[in-house]
>>> print(open('upload15.pdb').read())   # PDB, C-alpha atoms
ATOM      1  CA  THR I 222     -24.901  37.180 -16.215
ATOM      2  CA  LEU I 223     -26.718  35.424 -13.387
ATOM      3  CA  LEU I 224     -26.692  32.247 -15.447
ATOM      4  CA  VAL I 225     -22.905  32.543 -15.982
ATOM      5  CA  ILE I 226     -22.287  33.109 -12.261
ATOM      6  CA  LEU I 227     -24.474  30.121 -11.324
ATOM      7  CA  GLY I 228     -22.666  28.007 -13.909
ATOM      8  CA  LEU I 229     -19.263  28.950 -12.497
ATOM      9  CA  LEU I 230     -20.453  28.302  -8.950
ATOM     10  CA  PHE I 231     -21.837  24.881  -9.880
ATOM     11  CA  SER I 232     -18.640  23.944 -11.763
ATOM     12  CA  THR I 233     -16.462  24.999  -8.839
ATOM     13  CA  LEU I 234     -18.525  23.025  -6.318
ATOM     14  CA  THR I 235     -18.484  19.949  -8.532
ATOM     15  CA  TYR I 236     -14.702  20.210  -8.918
ATOM     16  CA  LEU I 237     -14.137  20.641  -5.174
ATOM     17  CA  ASN I 238     -16.169  17.499  -4.449
ATOM     18  CA  ARG I 239     -13.873  15.494  -6.728
ATOM     19  CA  VAL I 240     -10.550  16.906  -5.501
ATOM     20  CA  THR I 241     -10.401  14.450  -2.579
ATOM     21  CA  ASP I 242     -10.799  11.543  -5.030
ATOM     22  CA  ILE I 243      -7.743  12.573  -7.066
ATOM     23  CA  GLY I 244      -4.845  12.078  -4.664
ATOM     24  CA  PRO I 245      -4.005  10.182  -1.507
ATOM     25  CA  ALA I 246      -5.904  10.973   1.684
ATOM     26  CA  PRO I 247      -4.103  12.753   4.549
ATOM     27  CA  ASP I 248      -3.746   9.449   6.465
ATOM     28  CA  GLU I 249      -2.054   7.877   3.436
ATOM     29  CA  ILE I 250       0.318  10.815   3.049
ATOM     30  CA  GLU I 251       1.206  10.632   6.746
ATOM     31  CA  ALA I 252       1.881   6.851   6.606
ATOM     32  CA  LEU I 253       3.999   7.153   3.447
ATOM     33  CA  THR I 254       5.942  10.099   4.886
ATOM     34  CA  TRP I 255       6.595   8.054   8.032
ATOM     35  CA  LEU I 256       7.805   5.216   5.810
ATOM     36  CA  LYS I 257      10.250   7.570   4.067
ATOM     37  CA  ASP I 258      11.573   8.996   7.332
ATOM     38  CA  ASN I 259      11.803   5.838   9.445
ATOM     39  CA  LEU I 260      12.575   2.736   7.407
ATOM     40  CA  PRO I 261      15.797   1.953   5.574
ATOM     41  CA  GLY I 262      15.821   2.081   1.790
ATOM     42  CA  GLU I 263      16.512  -1.591   1.226
ATOM     43  CA  GLY I 264      13.900  -3.911  -0.171
ATOM     44  CA  LYS I 265      10.835  -3.214  -2.235
ATOM     45  CA  VAL I 266       7.462  -2.056  -0.992
ATOM     46  CA  PHE I 267       4.543  -4.330  -1.766
ATOM     47  CA  SER I 268       1.173  -2.731  -2.480
ATOM     48  CA  THR I 269      -1.271  -2.477  -5.356
ATOM     49  CA  PRO I 270      -0.349  -0.657  -8.600
ATOM     50  CA  GLU I 271      -2.558   2.344  -7.816
ATOM     51  CA  ASN I 272      -0.275   3.063  -4.832
ATOM     52  CA  SER I 273       3.003   2.675  -6.739
ATOM     53  CA  GLU I 274       3.465   6.322  -7.708
ATOM     54  CA  TYR I 275       2.623   7.493  -4.167
ATOM     55  CA  ILE I 276       5.191   5.015  -2.800
ATOM     56  CA  ARG I 277       7.789   6.178  -5.304
ATOM     57  CA  TYR I 278       7.288   9.929  -4.785
ATOM     58  CA  ILE I 279       6.045  10.364  -1.206
ATOM     59  CA  ALA I 280       7.851   7.478   0.529
ATOM     60  CA  GLN I 281      10.792   7.604  -1.912
ATOM     61  CA  LYS I 282      10.892   3.793  -1.981
ATOM     62  CA  GLU I 283      10.812   1.314  -4.837
ATOM     63  CA  PRO I 284       7.384  -0.327  -5.279
ATOM     64  CA  LEU I 285       7.182  -3.904  -6.493
ATOM     65  CA  SER I 286       5.025  -2.966  -9.442
ATOM     66  CA  SER I 287       3.100  -0.251 -11.198
ATOM     67  CA  PHE I 288       0.336   0.055 -13.765
ATOM     68  CA  LYS I 289       2.871  -0.365 -16.578
ATOM     69  CA  GLU I 290       4.050  -3.751 -15.403
ATOM     70  CA  PRO I 291       4.820  -6.999 -17.156
ATOM     71  CA  GLN I 292       2.315  -9.805 -16.727
ATOM     72  CA  GLU I 293       4.683 -11.687 -14.393
ATOM     73  CA  ASN I 294       4.513  -8.847 -11.805
ATOM     74  CA  SER I 295       0.728  -8.840 -12.077
ATOM     75  CA  ASP I 296       0.649 -12.601 -11.430
ATOM     76  CA  LEU I 297       3.154 -12.258  -8.577
ATOM     77  CA  ARG I 298       1.085  -9.520  -6.935
ATOM     78  CA  ALA I 299      -2.091 -11.599  -7.235
ATOM     79  CA  ASN I 300      -0.318 -14.634  -5.760
ATOM     80  CA  ILE I 301       0.912 -12.629  -2.761
ATOM     81  CA  LEU I 302      -2.421 -10.887  -2.148
ATOM     82  CA  ASN I 303      -4.429 -14.097  -2.382
ATOM     83  CA  SER I 304      -2.075 -16.491  -0.594
ATOM     84  CA  SER I 305      -3.368 -17.673   2.774
ATOM     85  CA  TYR I 306      -0.385 -19.921   3.437
ATOM     86  CA  THR I 307       2.968 -18.848   4.844
ATOM     87  CA  SER I 308       4.670 -21.620   2.853
ATOM     88  CA  THR I 309       3.600 -19.794  -0.327
ATOM     89  CA  THR I 310       3.822 -16.160   0.816
ATOM     90  CA  PHE I 311       7.240 -16.164   2.519
ATOM     91  CA  PRO I 312       9.224 -17.486  -0.474
ATOM     92  CA  LEU I 313       7.513 -14.987  -2.794
ATOM     93  CA  LEU I 314       8.432 -12.085  -0.508
ATOM     94  CA  GLU I 315      12.012 -13.271  -0.086
ATOM     95  CA  GLU I 316      12.641 -14.031  -3.780
ATOM     96  CA  ASN I 317      11.440 -10.538  -4.718
ATOM     97  CA  ASN I 318      13.268  -8.654  -1.943
ATOM     98  CA  ILE I 319      10.019  -7.397  -0.382
ATOM     99  CA  SER I 320      10.454  -6.204   3.187
ATOM    100  CA  ILE I 321       7.687  -3.594   3.492
ATOM    101  CA  ILE I 322       3.965  -3.953   2.864
ATOM    102  CA  TYR I 323       1.794  -0.870   2.518
ATOM    103  CA  PHE I 324      -1.956  -1.277   2.947
ATOM    104  CA  SER I 325      -4.021   1.709   1.868
ATOM    105  CA  PRO I 326      -7.603   2.183   3.112
ATOM    106  CA  LEU I 327      -8.887   1.111  -0.319
ATOM    107  CA  MET I 328      -6.863  -2.123  -0.156
ATOM    108  CA  LYS I 329      -8.248  -2.849   3.302
ATOM    109  CA  GLN I 330     -11.777  -2.462   1.923
ATOM    110  CA  LYS I 331     -11.046  -4.690  -1.060
ATOM    111  CA  TYR I 332      -9.212  -7.504   0.767
ATOM    112  CA  PRO I 333     -10.962  -8.956   3.853
ATOM    113  CA  PRO I 334      -8.886  -9.381   7.057
ATOM    114  CA  ASP I 335      -9.548 -13.128   7.260
ATOM    115  CA  GLN I 336      -8.307 -14.034   3.763
ATOM    116  CA  GLY I 337      -5.117 -13.934   1.728
ATOM    117  CA  LEU I 338      -2.238 -11.691   2.725
ATOM    118  CA  ARG I 339      -4.203  -9.932   5.475
ATOM    119  CA  LEU I 340      -4.676 -13.321   7.161
ATOM    120  CA  VAL I 341      -0.955 -14.150   6.792
ATOM    121  CA  LEU I 342      -0.033 -10.802   8.414
ATOM    122  CA  LYS I 343      -1.029 -12.367  11.748
ATOM    123  CA  ASN I 344       2.181 -14.432  11.596
ATOM    124  CA  GLU I 345       5.040 -13.410  13.909
ATOM    125  CA  LYS I 346       7.288 -12.647  10.908
ATOM    126  CA  PHE I 347       5.178  -9.569  10.210
ATOM    127  CA  LYS I 348       5.123  -6.485  12.356
ATOM    128  CA  LEU I 349       2.781  -3.503  12.080
ATOM    129  CA  VAL I 350       5.303  -0.677  12.383
ATOM    130  CA  HIS I 351       3.019   2.277  11.699
ATOM    131  CA  SER I 352      -0.610   3.122  11.071
ATOM    132  CA  SER I 353      -2.428   6.334  10.387
ATOM    133  CA  GLY I 354      -6.187   5.989  10.191
ATOM    134  CA  ASP I 355      -6.742   3.048   7.840
ATOM    135  CA  ALA I 356      -3.298   3.267   6.188
ATOM    136  CA  GLU I 357      -0.826   0.668   7.499
ATOM    137  CA  VAL I 358       2.883  -0.015   7.082
ATOM    138  CA  TRP I 359       4.009  -3.582   7.819
ATOM    139  CA  MET I 360       7.512  -5.049   7.873
ATOM    140  CA  TYR I 361       8.406  -8.597   6.958
ATOM    141  CA  LYS I 362      11.500 -10.160   8.472
ATOM    142  CA  GLN I 363      12.718 -13.714   8.147
ATOM    143  CA  SER I 364      13.606 -13.498  11.844
ATOM    144  CA  TRP I 365      13.212 -10.632  14.278
ATOM    145  CA  PRO I 366      16.046  -9.744  16.662
ATOM    146  CA  GLU I 367      15.531 -10.470  20.361
ATOM    147  CA  GLY I 368      13.364  -7.909  22.132
ATOM    148  CA  SER I 369      11.992  -6.232  18.991
ATOM    149  CA  SER I 370       8.357  -7.180  19.455
TER
END
>>> encode(input="upload15.pdb", output="structure tokens")
Amino acid sequence: TLLVILGLLFSTLTYLNRVTDIGPAPDEIEALTWLKDNLPGEGKVFSTPENSEYIRYIAQKEPLSSFKEPQENSDLRANILNSSYTSTTFPLLEENNISIIYFSPLMKQKYPPDQGLRLVLKNEKFKLVHSSGDAEVWMYKQSWPEGSS
């Protein structure tokens, strides 16, 4: 019986260590809940496919793509993430009705701040509207109204 109890204890501890890897972190939940409560429903949310279900269910917004996406969405996402030029990024966002960009902590680790989309976010057409820990919500506007900076 001692062996059974130790086995159950070990299994439970192993499971509890993995629970945090299964779903979004508290900072991500907070940022996505803020997105749901504070930004209008128009436009799609740009992020990576692993965030699409969280965006759909927690933020109640339409993500650009998901894991079950056609190749064209995969190419589009790669073009946006890797583009370091506003002349490339802005038309892609506008053509696809993308007005919100959600960066999860994992995305921030994967994509350096001085390359691709994270570099383009320094442009005045982007505005960091909310952050919680390493989770960020950005808005893209073709032009911002006076006094909204």
>>> axis_aligned_box(input="upload15.pdb", around="segment 319-332 of chain I", padding_each_side="4 Å", output="JSON")
{"center_x": -0.7, "center_y": -2.7, "center_z": 1.2, "size_x": 30.2, "size_y": 17.7, "size_z": 12.6}
>>> closest_residue(input="upload15.pdb", among="I:Thr222, I:Glu274, I:Ala356, I:Leu297", to="Gln330 of chain I", atoms="all atoms listed in the file")
I:Ala356
>>> resolve_selection(input="upload15.pdb", expression="the PyMOL selection byres ((chain I and resi 279) around 12)", output="PDB file with C-alpha atoms, in the frame of the given file")
ATOM      1  CA  GLY I 244      -4.845  12.078  -4.664  1.00  0.00           C
ATOM      2  CA  PRO I 245      -4.005  10.182  -1.507  1.00  0.00           C
ATOM      3  CA  PRO I 247      -4.103  12.753   4.549  1.00  0.00           C
ATOM      4  CA  GLU I 249      -2.054   7.877   3.436  1.00  0.00           C
ATOM      5  CA  ILE I 250       0.318  10.815   3.049  1.00  0.00           C
ATOM      6  CA  GLU I 251       1.206  10.632   6.746  1.00  0.00           C
ATOM      7  CA  ALA I 252       1.881   6.851   6.606  1.00  0.00           C
ATOM      8  CA  LEU I 253       3.999   7.153   3.447  1.00  0.00           C
ATOM      9  CA  THR I 254       5.942  10.099   4.886  1.00  0.00           C
ATOM     10  CA  TRP I 255       6.595   8.054   8.032  1.00  0.00           C
ATOM     11  CA  LEU I 256       7.805   5.216   5.810  1.00  0.00           C
ATOM     12  CA  LYS I 257      10.250   7.570   4.067  1.00  0.00           C
ATOM     13  CA  ASP I 258      11.573   8.996   7.332  1.00  0.00           C
ATOM     14  CA  ASN I 272      -0.275   3.063  -4.832  1.00  0.00           C
ATOM     15  CA  SER I 273       3.003   2.675  -6.739  1.00  0.00           C
ATOM     16  CA  GLU I 274       3.465   6.322  -7.708  1.00  0.00           C
ATOM     17  CA  TYR I 275       2.623   7.493  -4.167  1.00  0.00           C
ATOM     18  CA  ILE I 276       5.191   5.015  -2.800  1.00  0.00           C
ATOM     19  CA  ARG I 277       7.789   6.178  -5.304  1.00  0.00           C
ATOM     20  CA  TYR I 278       7.288   9.929  -4.785  1.00  0.00           C
ATOM     21  CA  ALA I 280       7.851   7.478   0.529  1.00  0.00           C
ATOM     22  CA  GLN I 281      10.792   7.604  -1.912  1.00  0.00           C
ATOM     23  CA  LYS I 282      10.892   3.793  -1.981  1.00  0.00           C
ATOM     24  CA  GLU I 283      10.812   1.314  -4.837  1.00  0.00           C
ATOM     25  CA  PRO I 284       7.384  -0.327  -5.279  1.00  0.00           C
TER      26      PRO I 284
END
>>> atom_distance(input="upload15.pdb", atom1="atom CA of Tyr323 of chain I", atom2="atom CA of Trp359 of chain I")
6.4 Å
>>> residues_around(input="upload15.pdb", residues="Leu314 of chain I", least_positions_apart="2", cutoff="10 Å", atoms="all atoms listed in the file", output="number ranges by chain")
I: 264-265, 267, 297, 301, 309-312, 316-322, 361-363
>>> closest_residue(input="upload15.pdb", among="I:Ala299, I:Pro334, I:Met360, I:Phe231", to="Lys346 of chain I", atoms="all atoms listed in the file")
I:Met360
>>> atom_distance(input="upload15.pdb", atom1="atom CA of Asp335 of chain I", atom2="atom CA of Ser353 of chain I")
21.0 Å
>>> closest_residue(input="upload15.pdb", among="I:Leu229, I:Val266, I:Ala246, I:Leu313", to="Asp355 of chain I", atoms="all atoms listed in the file")
I:Ala246
>>> closest_residue(input="upload15.pdb", among="I:Ser232, I:Asn259, I:Ser305, I:Asn300", to="Val341 of chain I", atoms="all atoms listed in the file")
I:Ser305
>>> atom_distance(input="upload15.pdb", atom1="atom CA of Lys329 of chain I", atom2="atom CA of Asn344 of chain I")
17.7 Å
>>> resolve_selection(input="upload15.pdb", expression="the PyMOL selection byres ((chain I and resi 332) around 12)", output="PyMOL selection string")
chain I and resi 268-269+299+301-305+324-331+333-340
